[in-house]
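A quick write-up on the structure given underneath.
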Amino acid sequence: MELKTVWKTCQRLLERPEGPWRLPVLATAGPDGAAARVVVLRSYRWPQATMYTDSRTPKVEAVEADPRVSLVFYDPDSRVQIRLQGKAEVITSGRDWEEALSSVSEGARADYFAERPPGATLEKPEDLELDLTGGGHFALIKIELFKLEWLKLRREGHLRAFFQGPEEGRWLVP
Ligand SMILES: Cc1cc2nc3c(=O)[nH]c(=O)nc-3n(C[C@H](O)[C@H](O)[C@H](O)COP(=O)(O)O)c2cc1C
C-alpha cells in the first residue's frame, strides 16, 4: 500500500460520507475540560469540514474558548479509524450560513429553533416549544484541518499513516 493511496481513500470516504463516515465524534477542550459528542459531517473537502449546530450549545462555547478540535471516525466493517485535527470557527451569518440554513428541512428545524437552549430542563418532552422566526439559533461549525491520521487494524499487522496534507504523509508505528 502507498501513502498516496491511503490519502486518496480517506478523501473519497469523507467527501461523500456514508454510514460511520457521516457520524464522527467531535471532541473539544473547553472551559469545563474535555467533551465529546457525535455530530453529522455535513461537508468535507480537505482542508475544510463543516457541521451544523445550535449556537447555544456547550460545544460552541467550548470552540470559542479553545478552537483546537478533533473529529474521530471508526468503521467497524473495514476496521479503519480516521482522526482529524483542526481549528474550528462558529459561523452565524453570511452566504455560506444562509445557503446551509436553506438546506435544512422543516422536520430538522427543531434542532436549531427551540425556544429554550439545548440542555435546559423540560418538565416533560412535550413542553418543547419552537420559535420558527428568522434564522433561529442555527450555526455552522467550520473546521480548518491540519492533521489527518489513518489507522487500519489487520491481523497480519496494523498500518498507521499521518498526513499534514496530500503531499505530506509518513508511516507511523501503529
Ligand atoms: C447520530 C447523532 C447525530 C448528531 N448530530 C448532531 C449534529 O450534527 N449537530 C449537533 O449539534 N448535535 C448533534 N447530535 C447531538 C450531539 O451528540 C449532542 O448530544 C448535542 O449536540 C449536545 O452537545 P454539547 O452539549 O456537547 O454541545 C447528534 C447526536 C447523534 C446521536
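Naming works like this for the C-alpha cells: A, B, ... for the chains as they're shown, residue 1 at the start of each chain, ligands 1 onward in shown order.
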
>> Using only C-alpha atoms and all ligand atoms, which residues have at least one atom no more than 9 Å from ligand 1? Output them as JSON, numbers by chain.
In response: {"A": [22, 23, 24, 25, 26, 27, 28, 35, 36, 37, 38, 39, 40, 41, 42, 51, 52, 53, 54, 55, 56, 57, 58, 59, 60, 61, 62, 111, 112, 118, 119, 139]}

>> Residues of chain A classed as helix (DSSP H, G or I) by DSSP on the backbone are to be reported as a PyMOL selection string.
In response: chain A and resi 3-15+19-22+58-65+95-102+106-111+125-127

>> Residues within 8 Å of Ala29 (chain A), please, as a PyMOL selection string. Count only C-alpha atoms; anything in the same chain fewer than 2 positions from it doesn't count.
In response: chain A and resi 27+31-35+62-63+66+68-69

>> My list of candidates is A:Trp97, A:Phe146, A:Phe163, A:Phe138. Which is closest to Ala110 (chain A) when distances are computed with only C-alpha atoms?
In response: A:Phe138

>> So that I can check the surroundings of region 98-100 of chain A, please list as a VMD selection string every protein, DNA and RNA residue that reaches within 9 Å of it, counting only C-alpha atoms and ignoring chain neighbours fewer than 3 positions away.
In response: chain A and resid 52 92 to 95 103 to 104 135 140

> Nearest to Lys8 (chain A): which of A:Glu156, A:Glu167, A:Thr121, A:Val173 is it, counting only C-alpha atoms?
Replying inline: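 Checking each candidate against Lys8 (chain A), we get A:Glu167 as the closest.
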
> Asp77 (chain A): which residues within 12 Å, counting only C-alpha atoms, same-chain residues fewer than 6 positions away excluded, as a PyMOL selection string?
Replying inline: chain A and resi 19-21+152-154

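Between CA of Lys142 (chain A) and CA of Gly107 (chain A) the interatomic distance comes to 23.3 Å.
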
>> Between A:Ala161, A:Ala108, A:Ala49, A:Val90, which residue has the minimum interatomic distance to Pro17 (chain A), considering only C-alpha atoms?
In response: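 Selected residue with least distance to Pro17 (chain A): A:Ala49.
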
> If you count only C-alpha atoms, which residues fall within 8 Å of Pro174 (chain A), apart from same-chain ones fewer than 3 positions away, as a list in words?
Replying inline: Leu151, His158, Leu159 and Arg160 of chain A

> If you measure from CA of Pro76 (chain A) to CA of Gly30 (chain A), what distance in Å do you get, rounded to one decimal?
Replying inline: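 Between CA of Pro76 (chain A) and CA of Gly30 (chain A) the gap is 29.2 Å.
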